[in-house]
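Report on one structure; see the data block that follows.
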Amino acid sequence: MPKDHGIGASQKRREDVRFLTGAGNYTDDINVHGQAYVHFLRSDLAHGKINNIDTSAAEGMPGVVRIFTGKDFEGVGGLPCGWQVTDKHGEPMKEPAHPVLAQGKVRHVGDPIAAVVADSLEQARTAAEAIVLDIDELPAVVDMAKALEAGSTKVHDDLADNLCYDWQFGTDTETTDAAFKNAAHVTTLELVNNRLVANPMEPRVAVGDYSRANDEHTLYTTSQNPHVIRLLMGAFVLGIPEHKLRVVAPDVGGGFGTKIFHYAEEAFCTFAAKACNRPVKWTSTRSEAFMSDAHGRDHVTKIELALDKDNNFIGVRTDTLANMGAYLSTFSSSVPTWLHGTLMAGNYKTPAVQVNVKAVFTNTVPVDAYRGAGRPEATFQLERVIDKAARELGVDPMQLRRQNFITSFPYETPVAVAYDTGDYHATMDKMEELMDIPGFAARRAESEKNGKLRGLGINCFIEACGIAPSNLVGQLGARAGLYDAATVRVNATGSISVMVGAHSHGQGHETVFPQVVAEMLGIDESMVDIVHGDTSKIPFGMGTYGSRSLAVCGSAMVRATEKIINKAKKIAGHLLEASDSDIELKDGQFTVAGTDKSVAWGDVTLAAYVPHNYPLEDIEPGLEETAFYDPANFTYPAGAYACEVEVDPDTGKVTIEKFVSADDFGNVVNPMIVEGQVHGGIAQGIGQALLENCAYDENGQLLSASYMDYAMPRADDIPHMASYVVDHSCQTPCTHNPLGVKGCGEAGAIGSPPTVVNAVIDALHSGGHTHVNHIDMPVSPSRVWAAINGQ
Amino acid sequence: MYSFDIQRPTSIADAVAALSTDEALPLGGGQTLIPTLKQRLSAPSVLVSLGAIAEIKGVCTGDDGALCIGGGTTHATVAKEAASSYPALAALAGNIGDPAVRNRGTIGGSLANNDPSACYPAAALASGATIVTNTRSIAADDYFQGMFATALNEGEIITEVRFPVPEKAAYMKFEQPASRFALVGVFVAKYADGVRVAVTGASEDGVFRWTEAEAALSSNFSADAVPAAPSGDGMISDLHGSGAYRAHLIAVMTKRAVAAAG
Amino acid sequence: MTKVTMTVNGKTVSGEVKGNTLLTEFLREDLRLTGTHVGCDTSQCGACVVHVNGEAVKSCTMFAAEADGAEVKTIEGMANADGSLSVIQQAFQDYHGLQCGFCTPGMVMSAAALLKDNPKPTEAEVRDYLEGNICRCTGYHNIVRAIMAASGQDVPAVAAE
């Protein structure tokens, strides 16, 4: 029987009611009395030298409050990067200035040049058209390899070149080279991990407000982590102390990474609200989002896999160019390094793994974390090269993976991480069972009858989630701790508010977190509410990304709840005239062990706040506890995915006919929500594999600048329910957090792209197109057709 | 958007009068024009909405048997009301954009805009339709004059489109994955006096007739008779496919349309 | 400025609008019906779908003046008279057909329009109908299940076919 409440129950989401009735409160729904509107005049050039910005005509236009340019921000800091990567020579990465509004140069299409604040948005737009720009266009640097050539135009004139860092990690060169020298077979693959745009359906919004009465700033913003924004913007950009700065992230319409970062528009609205003595609101259009939201992925990689004569993996070596864009976004530097290199061992016991990454500045929108962040890039390389190796060697791709699986835990990889637990054969077994692999031949024959080529692709993956142990990431260059925090406030009548650092923007925390607290206390979930998204209400937590909410913030909540239980037992012991060590808590009742003497939860909570009969000499009144939780290790969700595609050889169109995921997320608190997370991740992975392509031309113009050219997955791109199963029944609980959970938010996006591409290549080979060993994503119809036809 | 007034005349005469204002623009369903206005790519002084003119809405059969569609008729209405008389055209209309777009977008608006990737131009050209305006009738062969260019004069309103109904017809659209407009769309219509094949999405000159295929199919209406793909020269080449790919798809989609027409 | 009068969720409302005021803006800013969302500027995402005279339309691609005299229904008018969730809304909750909730109002309005015309759609028909509604969170699977369930069909049986 599935549980109907508490941990393990597929509780329906309580937040749904407001979203389904139009009562959600998103940032754009917030209007502050007297607010003005800002329009950003953005560069339509990829690269240019600013000679002059003449705002004089615009300043006199109707409704204009004030016009700002880079000069207005010379006295404040730039947008900071939160992670200092040290290169292979021990040198710090190059960290060019990232001004709020462009200073001296524009460096990508969309770079904000000026900001017009006016009574209405249309007035601001009209005035912006009257700003006279004198900008000399400079050659744009778009291609990463060209950007690294000697004599290339420089994105940042104060740097020696366009190299941000040259990073090497893992097994030393001598050992790695030896593995390749001793190899019986080496498989090499060059591939691109396509640039993506996260595209949460809610575009970004910022509303700045300032109170002269108490010198307090408030920023309403679409953020996954309001405390991180307060820290970065307050301390590094605007110099506002934390106690004078409140950041509110109300209902947020999806994030997928792109709402982690601190953006210029947030700093601008906060700054301008004081400067104009008026609230200032900015609402991004989707077109603006394409050129101002941080992009994701964009790696170009050569990977080599060395195998011995028995097909054991003996070495992996990668060379990657990682696009940083024009500036370093908040966590950009960590993505191709610590979130990518550390996963290059995959699920395999390869003894030598060396990762080389050059991060490159180009005249493009900054690139940062997007769902999976580094881990999809690692998985794609590794699982594509393994598939290619299996084909070259004529061996079964599943068997090749199985024989190289890590099977004993904990396992220290050559790339610095220690997997605590896992069972990769179990997820592979489950995937094979659900996929009906033996039935594939018949399905392929059926497709061929209809003139289609059918392919089967499989894939295994591992990820590092639950980000992150602070002491470890501190050694690796993180400029912040990555713990999280929760305050459990028990009210006098026994209801509970839990203030959490994690932010829910689709993940369902408001439903899931109470399931945990209610289970621990044995009370009804309806008595527990979650408070999140407002730095004036919640403890200092680091927010939601990297599949960390339950593993890190949830663990803090468990620790705080344990403190509540300990104190409540003391109160109950006093009320029951027993030792607190004899008190048991079950179903909301405190009982003296072995007796029928008990008091109810509500009696204890009331006593805490009306301490007439209370051990005041031993404990304080009240019942409120805070815990900060810093994880001991990452968590390591893993899984095995499979899909079948049909390729129409006449048009090149690929359709996904069947998809199965078998994930190991450790313990699961709400299976319904976990499955929903996987569905969403897989859709984004299918999008990356088949549809999505953020493309620039050689002049740095964005070609995919709206949904007219950036293909978002739609309902008919996803397999039908009869041929689509997501499974999470294989569970090896995380060994180092109290809930045994690993995180499920990113798995789908990590596991699915190589699955799809492996299947396409398999289909093409079955049709005799054996010269096609790889097609870069998105595997669009035109690319498939070109590959088939050798074009 | 820039500022403009909006007017909602209820007769063709009033609409024509309103459109005589300087910088006035007609507004059909707005499904293309409104996004354009949002980007400030157009700055009309007045928008003259044609949505309240009852006399240019509806589907009927003319005395000569042609299917007559009012210029202000939505795609959704055509999909429904032309289903029995001209199923291929109804199917085309029922697959333009998405349901909400089809409830607003109109045939007159689509033909007046003549987007090189729109579906209706292929149907009108392949059917040898007549575009009727407030002042004259224009044969489809004379109407389409290149990407976003038509024979319409300023202030001229499409009041009706007359489609001779073919013996057999089908439209095959290969969708551009993002916009879902036609990357290549081919409309094949077989009449007693020959076959007409019109191609949208592919050419830098907008919708065109593939005369080689028309000749071949007029003598043998079968997929096998479709000639080899035309040259990729002059075909649109972009993020979603090269000119050569589009040219290839023209042949593939033509074959499929012939097969579907039966 | 033009005066417009329309019925929104059963209530007659009037307001002064500019020629370029979109129906979305009138609903969100003037009437404070903020359940209707704006997710793009190319008329593709569908977060703004409402019903005008019973038909699903993108309220970001229609001027308020064009809705003068119309019956408009928004997400705020979709619950039952007693405030409880309608069959479609309840199915979205039951089948976890929403995550961040931003596309949800448009999804619900589109689903209602579909089921009005096609009370028992096939799964392919549901997916096809949602072409103009983009969701980034759910991967659509549970939205499709919710709409099938709201049409009274046995979702596990469909999935087992």
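As shown in the structure tokens, the chain order sets the letters A, B, ...; within each chain, residues go from 1, and ligands are also counted from 1 in the order they appear.
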- Item | helix (DSSP H, G or I) residues, from DSSP on the backbone, in segment 257-304 of chain A, as a list in words |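 Everything in segment 257-304 of chain A that counts as helix (DSSP H, G or I) is Ala264, Glu265, Glu266, Ala267, Phe268, Cys269, Thr270, Phe271, Ala272, Ala273, Lys274, Ala275, Cys276, Arg286, Ser287, Glu288, Ala289, Phe290, Met291 and Ser292 of chain A.
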Writer output for current selection, C-alpha atoms, as an mmCIF file, in the first residue's frame:
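The file below, part-v5.cif, is the result:
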```cif
data_model
loop_
_atom_site.group_PDB
_atom_site.id
_atom_site.type_symbol
_atom_site.label_atom_id
_atom_site.label_comp_id
_atom_site.auth_asym_id
_atom_site.auth_seq_id
_atom_site.Cartn_x
_atom_site.Cartn_y
_atom_site.Cartn_z
ATOM 1 C CA ALA A 264 22.619 43.964 -13.889
ATOM 2 C CA GLU A 265 18.907 44.762 -14.012
ATOM 3 C CA GLU A 266 18.469 43.845 -10.340
ATOM 4 C CA ALA A 267 21.306 46.079 -9.279
ATOM 5 C CA PHE A 268 20.024 48.818 -11.539
ATOM 6 C CA CYS A 269 16.474 48.856 -10.159
ATOM 7 C CA THR A 270 17.766 48.843 -6.586
ATOM 8 C CA PHE A 271 20.202 51.660 -7.315
ATOM 9 C CA ALA A 272 17.761 53.721 -9.375
ATOM 10 C CA ALA A 273 14.958 53.506 -6.822
ATOM 11 C CA LYS A 274 17.107 55.511 -4.429
ATOM 12 C CA ALA A 275 18.550 57.782 -7.085
ATOM 13 C CA CYS A 276 15.092 58.624 -8.452
ATOM 14 C CA ARG A 286 11.065 37.293 -24.068
ATOM 15 C CA SER A 287 13.114 38.877 -26.819
ATOM 16 C CA GLU A 288 15.127 40.703 -24.175
ATOM 17 C CA ALA A 289 15.524 37.461 -22.223
ATOM 18 C CA PHE A 290 17.218 35.807 -25.180
ATOM 19 C CA MET A 291 19.972 38.435 -25.082
ATOM 20 C CA SER A 292 20.220 39.072 -21.338
#
```
- Do a neighbour search on Ile138 of chain B at 12 Å with only C-alpha atoms, toss out local chain neighbours closer than 5 positions, and write the hits as JSON, numbers by chain. {"B": [124, 125, 128, 129, 130, 131, 132, 133, 143, 144, 150, 151, 152, 153, 156, 158, 159, 160, 161, 162]}
Could you write out the selected residues, including C-alpha atoms, as a short mmCIF file (atom, residue, chain, number, x, y, z; two decimals), in the first residue's frame?
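Listing of result10.cif after writing:
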```cif
data_model
loop_
_atom_site.label_atom_id
_atom_site.label_comp_id
_atom_site.auth_asym_id
_atom_site.auth_seq_id
_atom_site.Cartn_x
_atom_site.Cartn_y
_atom_site.Cartn_z
CA ALA B 124 -4.40 30.23 -53.25
CA LEU B 125 -1.72 29.89 -55.90
CA GLY B 128 -5.72 29.46 -59.11
CA ALA B 129 -7.81 31.42 -56.66
CA THR B 130 -9.14 34.88 -57.27
CA ILE B 131 -8.41 37.51 -54.66
CA VAL B 132 -11.33 39.92 -54.54
CA THR B 133 -10.81 43.36 -53.04
CA TYR B 143 -1.29 38.62 -56.89
CA PHE B 144 1.88 37.20 -55.27
CA THR B 150 1.49 41.57 -53.26
CA ALA B 151 -0.53 43.36 -55.93
CA LEU B 152 -2.57 45.12 -53.23
CA ASN B 153 -2.54 48.90 -53.21
CA GLU B 156 -7.11 48.05 -50.47
CA ILE B 158 -9.32 41.70 -49.38
CA THR B 159 -13.04 41.10 -49.16
CA GLU B 160 -13.21 37.60 -50.53
CA VAL B 161 -11.09 34.79 -51.88
CA ARG B 162 -12.63 32.48 -54.50
#
```
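Closest approach to chain B among C:Cys48, C:Ile88, C:Met62, C:Met78 is made by C:Met62 (distances from only C-alpha atoms).
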- Query: Which residues come within 6 Å of segment 255-259 of chain B, counting only C-alpha atoms, excluding same-chain residues fewer than 5 positions away, as a ChimeraX atom specification?
  - Reply: /B:170-172,223
Writer output for current selection, C-alpha atoms, as a short mmCIF file (atom, residue, chain, number, x, y, z; two decimals), in the first residue's frame:
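selection_3.cif, written as the output of this step:
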```
data_model
loop_
_atom_site.label_atom_id
_atom_site.label_comp_id
_atom_site.auth_asym_id
_atom_site.auth_seq_id
_atom_site.Cartn_x
_atom_site.Cartn_y
_atom_site.Cartn_z
CA ALA B 170 -3.55 17.88 -50.69
CA TYR B 171 -1.19 20.11 -48.76
CA MET B 172 1.94 18.80 -47.11
CA ALA B 223 4.04 10.26 -56.77
#
```
- Task: Using only C-alpha atoms, determine which residues lie at most 6 Å from segment 100-116 of chain B, disregarding the query and same-chain residues fewer than 5 positions distant; provide the list as a PyMOL selection string.
- Result: (chain B and resi 28-29+31+71-76+147-148+158+201+206) or (chain C and resi 56-58)
Residues from the last selection, N, CA and C atoms, saved as a PDB file, in the first residue's frame:
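Saved the output as again_1.pdb:
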```
ATOM      1  N   GLY B  28      -6.188  42.826 -39.496  1.00  0.00           N
ATOM      2  CA  GLY B  28      -7.028  41.639 -39.655  1.00  0.00           C
ATOM      3  C   GLY B  28      -7.134  40.948 -38.306  1.00  0.00           C
ATOM      4  N   GLY B  29      -6.633  39.709 -38.244  1.00  0.00           N
ATOM      5  CA  GLY B  29      -6.637  39.013 -36.953  1.00  0.00           C
ATOM      6  C   GLY B  29      -5.506  39.474 -36.052  1.00  0.00           C
ATOM      7  N   GLN B  31      -2.454  38.485 -35.848  1.00  0.00           N
ATOM      8  CA  GLN B  31      -1.539  37.486 -35.301  1.00  0.00           C
ATOM      9  C   GLN B  31      -0.109  37.664 -35.792  1.00  0.00           C
ATOM     10  N   GLY B  71     -12.814  37.647 -46.663  1.00  0.00           N
ATOM     11  CA  GLY B  71     -11.454  38.004 -46.270  1.00  0.00           C
ATOM     12  C   GLY B  71     -11.261  38.040 -44.769  1.00  0.00           C
ATOM     13  N   GLY B  72     -12.317  38.281 -44.028  1.00  0.00           N
ATOM     14  CA  GLY B  72     -12.195  38.361 -42.568  1.00  0.00           C
ATOM     15  C   GLY B  72     -12.531  37.056 -41.871  1.00  0.00           C
ATOM     16  N   THR B  73     -12.547  35.974 -42.630  1.00  0.00           N
ATOM     17  CA  THR B  73     -12.894  34.677 -42.033  1.00  0.00           C
ATOM     18  C   THR B  73     -11.672  34.066 -41.334  1.00  0.00           C
ATOM     19  N   THR B  74     -11.875  33.593 -40.128  1.00  0.00           N
ATOM     20  CA  THR B  74     -10.738  33.032 -39.389  1.00  0.00           C
ATOM     21  C   THR B  74     -10.364  31.654 -39.924  1.00  0.00           C
ATOM     22  N   HIS B  75      -9.131  31.276 -39.617  1.00  0.00           N
ATOM     23  CA  HIS B  75      -8.650  29.946 -40.018  1.00  0.00           C
ATOM     24  C   HIS B  75      -9.530  28.857 -39.404  1.00  0.00           C
ATOM     25  N   ALA B  76      -9.964  29.073 -38.161  1.00  0.00           N
ATOM     26  CA  ALA B  76     -10.783  28.064 -37.476  1.00  0.00           C
ATOM     27  C   ALA B  76     -12.102  27.875 -38.215  1.00  0.00           C
ATOM     28  N   MET B 147       8.451  37.926 -51.543  1.00  0.00           N
ATOM     29  CA  MET B 147       8.329  37.936 -50.074  1.00  0.00           C
ATOM     30  C   MET B 147       7.606  39.184 -49.567  1.00  0.00           C
ATOM     31  N   PHE B 148       6.540  39.016 -48.857  1.00  0.00           N
ATOM     32  CA  PHE B 148       5.784  40.105 -48.233  1.00  0.00           C
ATOM     33  C   PHE B 148       5.304  41.137 -49.258  1.00  0.00           C
ATOM     34  N   ILE B 158      -8.871  42.968 -48.798  1.00  0.00           N
ATOM     35  CA  ILE B 158      -9.318  41.698 -49.384  1.00  0.00           C
ATOM     36  C   ILE B 158     -10.691  41.387 -48.793  1.00  0.00           C
ATOM     37  N   GLY B 201       7.490  28.584 -48.274  1.00  0.00           N
ATOM     38  CA  GLY B 201       8.540  28.321 -47.285  1.00  0.00           C
ATOM     39  C   GLY B 201       9.937  28.242 -47.870  1.00  0.00           C
ATOM     40  N   GLY B 206       9.383  34.033 -52.246  1.00  0.00           N
ATOM     41  CA  GLY B 206       8.059  33.736 -51.724  1.00  0.00           C
ATOM     42  C   GLY B 206       7.421  32.575 -52.470  1.00  0.00           C
TER      43      GLY B 206
ATOM     44  N   ALA C  56     -10.852  30.243 -27.451  1.00  0.00           N
ATOM     45  CA  ALA C  56      -9.519  30.499 -26.904  1.00  0.00           C
ATOM     46  C   ALA C  56      -8.787  31.492 -27.796  1.00  0.00           C
ATOM     47  N   VAL C  57      -8.266  32.540 -27.200  1.00  0.00           N
ATOM     48  CA  VAL C  57      -7.445  33.488 -27.962  1.00  0.00           C
ATOM     49  C   VAL C  57      -6.240  33.879 -27.111  1.00  0.00           C
ATOM     50  N   LYS C  58      -5.223  34.392 -27.774  1.00  0.00           N
ATOM     51  CA  LYS C  58      -4.056  34.889 -27.054  1.00  0.00           C
ATOM     52  C   LYS C  58      -4.303  36.351 -26.725  1.00  0.00           C
TER      53      LYS C  58
END
```
